[in-house]
>>> print(open('entry_13.tsv').read())   # TSV, C-alpha atoms
chain	number	residue	atom	x	y	z
A	1	MET	CA	0.00	0.00	0.00
A	2	ALA	CA	1.64	3.21	-1.17
A	3	ARG	CA	1.41	6.22	1.11
A	4	VAL	CA	1.60	9.73	-0.33
A	5	LYS	CA	0.98	13.19	1.02
A	6	ALA	CA	-1.72	14.92	-1.04
A	7	GLU	CA	-0.33	18.43	-0.80
A	8	GLY	CA	0.20	20.94	-3.53
A	9	PHE	CA	-2.65	20.08	-5.91
A	10	ALA	CA	-4.65	23.02	-7.22
A	11	THR	CA	-7.69	21.04	-8.35
A	12	ARG	CA	-9.53	17.85	-7.61
A	13	GLU	CA	-8.74	16.66	-11.15
A	14	GLU	CA	-4.98	16.98	-10.44
A	15	PHE	CA	-5.46	15.12	-7.15
A	16	GLU	CA	-7.42	12.27	-8.78
A	17	ALA	CA	-4.92	12.04	-11.64
A	18	ALA	CA	-2.11	11.69	-9.10
A	19	VAL	CA	-4.01	9.02	-7.15
A	20	ASP	CA	-4.65	7.08	-10.35
A	21	ARG	CA	-0.95	7.40	-11.27
A	22	VAL	CA	-0.03	6.05	-7.82
A	23	ALA	CA	-2.36	3.08	-8.43
A	24	ARG	CA	-0.80	2.36	-11.85
A	25	CYS	CA	2.72	2.63	-10.44
A	26	GLU	CA	1.83	0.36	-7.52
A	27	VAL	CA	0.44	-2.33	-9.82
A	28	GLU	CA	3.54	-2.09	-12.03
A	29	ARG	CA	5.80	-2.32	-8.97
A	30	ARG	CA	3.97	-5.43	-7.78
A	31	LYS	CA	4.30	-7.04	-11.22
A	32	LEU	CA	8.03	-6.32	-11.29
A	33	GLU	CA	8.47	-7.70	-7.77
A	34	ALA	CA	6.53	-10.83	-8.71
A	35	ALA	CA	8.70	-11.36	-11.80
A	36	ARG	CA	11.83	-10.82	-9.70
A	37	ASP	CA	10.60	-13.29	-7.09
A	38	VAL	CA	9.94	-15.92	-9.76
A	39	GLU	CA	13.50	-15.52	-11.03
A	40	ILE	CA	14.90	-15.72	-7.49
A	41	GLN	CA	12.85	-18.86	-6.82
A	42	LYS	CA	14.17	-20.52	-9.98
A	43	ILE	CA	17.76	-19.74	-9.01
A	44	GLN	CA	17.17	-21.02	-5.47
A	45	GLU	CA	15.62	-24.24	-6.75
A	46	ARG	CA	18.59	-24.76	-9.06
A	47	ARG	CA	21.30	-23.92	-6.47
A	48	ASN	CA	19.81	-25.06	-3.14
A	49	PRO	CA	20.53	-28.80	-3.55
A	50	ASP	CA	24.27	-28.10	-3.98
A	51	ILE	CA	24.23	-25.54	-1.15
A	52	ASP	CA	22.38	-27.93	1.16
A	53	ALA	CA	24.80	-30.75	0.32
A	54	LEU	CA	27.77	-28.52	1.18
A	55	LYS	CA	26.13	-27.37	4.42
A	56	GLY	CA	25.62	-31.01	5.36
A	57	GLU	CA	29.24	-31.86	4.58
A	58	ILE	CA	30.45	-28.82	6.56
A	59	ASP	CA	28.31	-29.75	9.56
A	60	ARG	CA	29.49	-33.38	9.47
A	61	LEU	CA	33.16	-32.42	9.22
A	62	LEU	CA	32.89	-29.69	11.88
A	63	SER	CA	31.28	-32.11	14.29
A	64	LYS	CA	34.15	-34.56	13.88
A	65	ALA	CA	36.77	-31.79	13.99
A	66	ASP	CA	35.22	-30.36	17.16
A	67	ALA	CA	35.38	-33.70	18.92
A	68	TYR	CA	38.99	-34.26	17.79
A	69	ALA	CA	40.10	-30.73	18.74
A	70	LYS	CA	38.62	-31.01	22.23
A	71	GLU	CA	40.39	-34.32	22.80
A	72	HIS	CA	43.72	-33.21	21.29
A	73	ARG	CA	43.74	-29.53	22.19
A	74	ALA	CA	47.21	-29.59	23.76
A	75	GLU	CA	48.88	-30.90	20.58
A	76	LEU	CA	46.83	-28.72	18.19
A	77	ILE	CA	47.02	-25.34	19.91
A	78	ALA	CA	50.01	-23.87	21.73
A	79	GLU	CA	49.57	-23.26	25.44
A	80	GLY	CA	48.11	-19.85	26.18
A	81	ARG	CA	46.68	-19.53	22.68
A	82	GLN	CA	43.12	-19.93	21.45
A	83	SER	CA	43.83	-20.70	17.81
A	84	ALA	CA	46.15	-22.29	15.27
A	85	GLU	CA	46.21	-22.71	11.51
A	86	THR	CA	46.55	-25.06	8.57
A	87	PRO	CA	47.64	-23.98	5.11
A	88	LEU	CA	44.00	-23.22	4.23
A	89	ALA	CA	42.30	-22.32	7.51
A	90	ASN	CA	42.54	-20.88	10.97
A	91	TYR	CA	40.88	-22.84	13.75
A	92	GLY	CA	40.50	-22.61	17.45
A	93	PHE	CA	38.21	-22.07	20.36
A	94	ARG	CA	36.20	-18.94	21.15
A	95	TRP	CA	34.62	-17.98	24.40
A	96	GLY	CA	30.90	-17.34	24.13
A	97	ASN	CA	29.10	-14.58	25.97
A	98	LYS	CA	29.02	-15.00	29.71
A	99	THR	CA	25.68	-16.16	31.07
A	100	LEU	CA	24.57	-16.67	34.61
A	101	ALA	CA	23.34	-20.14	35.46
A	102	LEU	CA	22.26	-21.97	38.58
A	103	LEU	CA	25.08	-23.63	40.49
A	104	SER	CA	23.30	-26.99	40.59
A	105	ASN	CA	19.84	-28.48	40.33
A	106	ARG	CA	19.45	-27.93	44.07
A	107	TRP	CA	19.20	-24.17	43.43
A	108	LYS	CA	16.19	-22.34	42.01
A	109	TRP	CA	16.10	-18.68	40.96
A	110	THR	CA	13.69	-17.87	43.78
A	111	ALA	CA	16.23	-19.27	46.27
A	112	VAL	CA	18.98	-17.19	44.64
A	113	ILE	CA	16.88	-14.03	45.10
A	114	GLU	CA	16.23	-14.91	48.73
A	115	SER	CA	19.92	-15.59	49.31
A	116	LEU	CA	20.92	-12.26	47.73
A	117	ARG	CA	18.42	-10.41	49.93
A	118	LYS	CA	19.70	-12.12	53.07
A	119	GLY	CA	23.25	-11.26	52.05
A	120	GLY	CA	22.42	-7.57	51.64
A	121	LEU	CA	22.88	-7.73	47.88
A	122	ASP	CA	19.51	-6.25	46.92
A	123	GLY	CA	21.22	-4.22	44.20
A	124	PHE	CA	21.56	-7.42	42.20
A	125	ILE	CA	17.82	-8.07	42.21
A	126	ARG	CA	15.89	-6.51	39.37
A	127	VAL	CA	12.36	-5.25	39.84
A	128	LYS	CA	10.82	-3.97	36.65
A	129	GLU	CA	7.66	-1.91	36.90
A	130	GLU	CA	5.87	-0.64	33.84
A	131	VAL	CA	2.40	0.48	32.85
A	132	ALA	CA	0.16	-2.26	31.45
A	133	LYS	CA	-0.55	-0.10	28.41
A	134	ASP	CA	-2.90	-2.48	26.60
A	135	ALA	CA	-5.08	-2.96	29.66
A	136	ALA	CA	-5.09	0.76	30.48
A	137	LYS	CA	-5.99	1.67	26.89
A	138	ASP	CA	-8.81	-0.88	26.77
A	139	GLU	CA	-10.26	-0.49	30.27
A	140	LEU	CA	-9.78	3.10	31.45
A	141	SER	CA	-11.78	6.09	30.27
A	142	GLU	CA	-10.06	9.07	28.70
A	143	ALA	CA	-10.82	11.09	31.84
A	144	VAL	CA	-9.15	8.53	34.09
A	145	LEU	CA	-6.21	8.25	31.72
A	146	ALA	CA	-5.82	12.05	31.72
A	147	HIS	CA	-6.00	12.20	35.50
A	148	HIS	CA	-3.01	9.84	35.60
A	149	GLY	CA	-1.01	11.63	32.91
A	150	MET	CA	-1.89	9.54	29.89
A	151	ARG	CA	-3.90	9.90	26.71
A	152	ILE	CA	-4.77	7.76	23.74
A	153	ARG	CA	-3.01	8.88	20.58
A	154	GLN	CA	-4.07	7.63	17.17
A	155	SER	CA	-2.83	9.04	13.92
A	156	GLU	CA	-4.56	9.02	10.59
A	157	THR	CA	-2.64	8.55	7.37
A	158	PHE	CA	-3.68	8.91	3.76
A	159	TRP	CA	-3.30	5.82	1.60
A	160	VAL	CA	-3.86	4.67	-1.98
A	161	GLU	CA	-4.67	1.06	-2.84
A	162	PRO	CA	-4.89	0.18	-6.54
A	163	LYS	CA	-7.87	-1.66	-7.99
A	164	THR	CA	-5.77	-4.41	-9.48
A	165	ASP	CA	-8.65	-5.84	-11.48
A	166	MET	CA	-9.04	-2.50	-13.27
A	167	ILE	CA	-5.36	-1.87	-14.02
A	168	GLY	CA	-3.64	-4.33	-16.27
>>> encode(input="entry_13.tsv", output="structure tokens")
Amino acid sequence: MARVKAEGFATREEFEAAVDRVARCEVERRKLEAARDVEIQKIQERRNPDIDALKGEIDRLLSKADAYAKEHRAELIAEGRQSAETPLANYGFRWGNKTLALLSNRWKWTAVIESLRKGGLDGFIRVKEEVAKDAAKDELSEAVLAHHGMRIRQSETFWVEPKTDMIG
């Protein structure tokens, strides 16, 4: 759906001519996109089997290489290093992003929160308060919303939708 600002027309005829031109252009754009998408689909259908086969081979080899590298890390990578190389590739281990996890299955997050509170570490407990906007919008009157510093805002935009059965 094309959106245009209808400013600067001197007559209704100019306005309607512009709207009709938008409709024609939109239909033409959709036709071109459809033709492009057909071409893309044909290329994907032709290339995807080879791509998928290579992805499968890569995954299979990486799985085996990962297992070997973990078992033989000391002989593959110098101490204190994270990577090494072959004539055609660099390889190694990367640290992922740090994440916080429970120490063991005996701990639950509620127990962690309780423990932090008891230890005076309340600063590490997050409490997120926010307005339930959907409920407030649906259930409170405009007067009540205004009393509490809120209002409902809704914008209106002009649009043009072509009659595709009329434009060929």
>>> atom_distance(input="entry_13.tsv", atom1="CA of Glu71 in chain A", atom2="CA of Thr99 in chain A")
24.8 Å
>>> atom_distance(input="entry_13.tsv", atom1="CA of Asp138 in chain A", atom2="CA of Arg151 in chain A")
11.8 Å
>>> residues_around(input="entry_13.tsv", residues="Leu102 in chain A", least_positions_apart="6", cutoff="10 Å", atoms="all atoms listed in the file", output="number ranges by chain")
A: 108-109, 112
>>> residues_around(input="entry_13.tsv", residues="Thr86 in chain A", least_positions_apart="4", cutoff="12 Å", atoms="only C-alpha atoms", output="list in words")
Leu76, Ile77, Asn90, Tyr91 and Gly92 of chain A
>>> atom_distance(input="entry_13.tsv", atom1="CA of Trp95 in chain A", atom2="CA of Lys70 in chain A")
13.8 Å
>>> residues_around(input="entry_13.tsv", residues="Gly149 in chain A", least_positions_apart="5", cutoff="12 Å", atoms="only C-alpha atoms", output="PyMOL selection string")
chain A and resi 131+136+142-144
>>> write_last_selection(input="entry_13.tsv", atoms="C-alpha atoms", output="compact mmCIF listing (two decimals), in the coordinates of the input")
# COMPACT_ATOMS: atom_id res chain seq x y z
CA VAL A 131 2.40 0.48 32.85
CA ALA A 136 -5.09 0.76 30.48
CA GLU A 142 -10.06 9.07 28.70
CA ALA A 143 -10.82 11.09 31.84
CA VAL A 144 -9.15 8.53 34.09
>>> residues_around(input="entry_13.tsv", residues="Ile167 in chain A", least_positions_apart="5", cutoff="12 Å", atoms="only C-alpha atoms", output="list in words")
Asp20, Arg21, Val22, Ala23, Arg24, Cys25, Glu26, Val27, Glu28, Arg30, Lys31, Glu161 and Pro162 of chain A
>>> closest_atom_pairs(input="entry_13.tsv", of="range 10-119 of chain A", to="range 125-128 of chain A", cutoff="10 Å", atoms="all atoms listed in the file", output="JSON lines")
{"residue": "A:Val112", "atom": "CA", "partner": "A:Ile125", "partner_atom": "CA", "distance": 9.5}
{"residue": "A:Ile113", "atom": "CA", "partner": "A:Ile125", "partner_atom": "CA", "distance": 6.7}
{"residue": "A:Glu114", "atom": "CA", "partner": "A:Ile125", "partner_atom": "CA", "distance": 9.6}
{"residue": "A:Leu116", "atom": "CA", "partner": "A:Ile125", "partner_atom": "CA", "distance": 7.6}
{"residue": "A:Arg117", "atom": "CA", "partner": "A:Ile125", "partner_atom": "CA", "distance": 8.1}
>>> write_last_selection(input="entry_13.tsv", atoms="C-alpha atoms", output="PDB file, in the frame of the given file")
ATOM      1  CA  VAL A 112      18.980 -17.190  44.640  1.00  0.00           C
ATOM      2  CA  ILE A 113      16.880 -14.030  45.100  1.00  0.00           C
ATOM      3  CA  GLU A 114      16.230 -14.910  48.730  1.00  0.00           C
ATOM      4  CA  LEU A 116      20.920 -12.260  47.730  1.00  0.00           C
ATOM      5  CA  ARG A 117      18.420 -10.410  49.930  1.00  0.00           C
TER       6      ARG A 117
END
>>> residues_around(input="entry_13.tsv", residues="range 132-134 of chain A", least_positions_apart="5", cutoff="12 Å", atoms="all atoms listed in the file", output="MDAnalysis selection string")
chainID A and resid 139:140 145 150:152
>>> build_atoms(input="entry_13.tsv", residues="range 43-67 of chain A", atoms="N, CA and C atoms", output="CSV table (one decimal), keeping the file's coordinate frame")
chain,number,residue,atom,x,y,z
A,43,ILE,N,16.3,-19.6,-9.4
A,43,ILE,CA,17.8,-19.7,-9.0
A,43,ILE,C,17.9,-20.5,-7.7
A,44,GLN,N,17.1,-20.3,-6.7
A,44,GLN,CA,17.2,-21.0,-5.5
A,44,GLN,C,16.9,-22.5,-5.7
A,45,GLU,N,15.9,-22.8,-6.5
A,45,GLU,CA,15.6,-24.2,-6.8
A,45,GLU,C,16.8,-24.9,-7.5
A,46,ARG,N,17.5,-24.2,-8.3
A,46,ARG,CA,18.6,-24.8,-9.1
A,46,ARG,C,19.8,-24.9,-8.2
A,47,ARG,N,20.1,-23.9,-7.3
A,47,ARG,CA,21.3,-23.9,-6.5
A,47,ARG,C,21.2,-24.6,-5.1
A,48,ASN,N,20.0,-24.6,-4.5
A,48,ASN,CA,19.8,-25.1,-3.1
A,48,ASN,C,20.3,-26.5,-2.9
A,49,PRO,N,20.0,-27.4,-3.8
A,49,PRO,CA,20.5,-28.8,-3.6
A,49,PRO,C,22.1,-28.8,-3.3
A,50,ASP,N,22.8,-28.1,-4.1
A,50,ASP,CA,24.3,-28.1,-4.0
A,50,ASP,C,24.7,-27.4,-2.7
A,51,ILE,N,24.0,-26.3,-2.4
A,51,ILE,CA,24.2,-25.5,-1.2
A,51,ILE,C,23.9,-26.4,0.1
A,52,ASP,N,22.8,-27.1,0.0
A,52,ASP,CA,22.4,-27.9,1.2
A,52,ASP,C,23.4,-29.1,1.3
A,53,ALA,N,23.8,-29.7,0.2
A,53,ALA,CA,24.8,-30.8,0.3
A,53,ALA,C,26.1,-30.3,1.0
A,54,LEU,N,26.6,-29.1,0.6
A,54,LEU,CA,27.8,-28.5,1.2
A,54,LEU,C,27.6,-28.2,2.7
A,55,LYS,N,26.4,-27.6,3.0
A,55,LYS,CA,26.1,-27.4,4.4
A,55,LYS,C,26.2,-28.7,5.2
A,56,GLY,N,25.6,-29.7,4.7
A,56,GLY,CA,25.6,-31.0,5.4
A,56,GLY,C,27.0,-31.5,5.5
A,57,GLU,N,27.8,-31.4,4.5
A,57,GLU,CA,29.2,-31.9,4.6
A,57,GLU,C,30.0,-31.0,5.6
A,58,ILE,N,29.8,-29.7,5.6
A,58,ILE,CA,30.4,-28.8,6.6
A,58,ILE,C,30.1,-29.2,8.0
A,59,ASP,N,28.8,-29.4,8.2
A,59,ASP,CA,28.3,-29.8,9.6
A,59,ASP,C,28.9,-31.1,10.0
A,60,ARG,N,28.9,-32.1,9.1
A,60,ARG,CA,29.5,-33.4,9.5
A,60,ARG,C,31.0,-33.3,9.8
A,61,LEU,N,31.7,-32.6,9.0
A,61,LEU,CA,33.2,-32.4,9.2
A,61,LEU,C,33.5,-31.6,10.5
A,62,LEU,N,32.7,-30.5,10.7
A,62,LEU,CA,32.9,-29.7,11.9
A,62,LEU,C,32.6,-30.5,13.2
A,63,SER,N,31.6,-31.3,13.1
A,63,SER,CA,31.3,-32.1,14.3
A,63,SER,C,32.4,-33.0,14.6
A,64,LYS,N,33.0,-33.7,13.6
A,64,LYS,CA,34.2,-34.6,13.9
A,64,LYS,C,35.4,-33.8,14.3
A,65,ALA,N,35.6,-32.6,13.7
A,65,ALA,CA,36.8,-31.8,14.0
A,65,ALA,C,36.7,-31.2,15.4
A,66,ASP,N,35.5,-30.9,15.8
A,66,ASP,CA,35.2,-30.4,17.2
A,66,ASP,C,35.6,-31.4,18.2
A,67,ALA,N,35.1,-32.6,18.0
A,67,ALA,CA,35.4,-33.7,18.9
A,67,ALA,C,36.9,-34.0,19.0
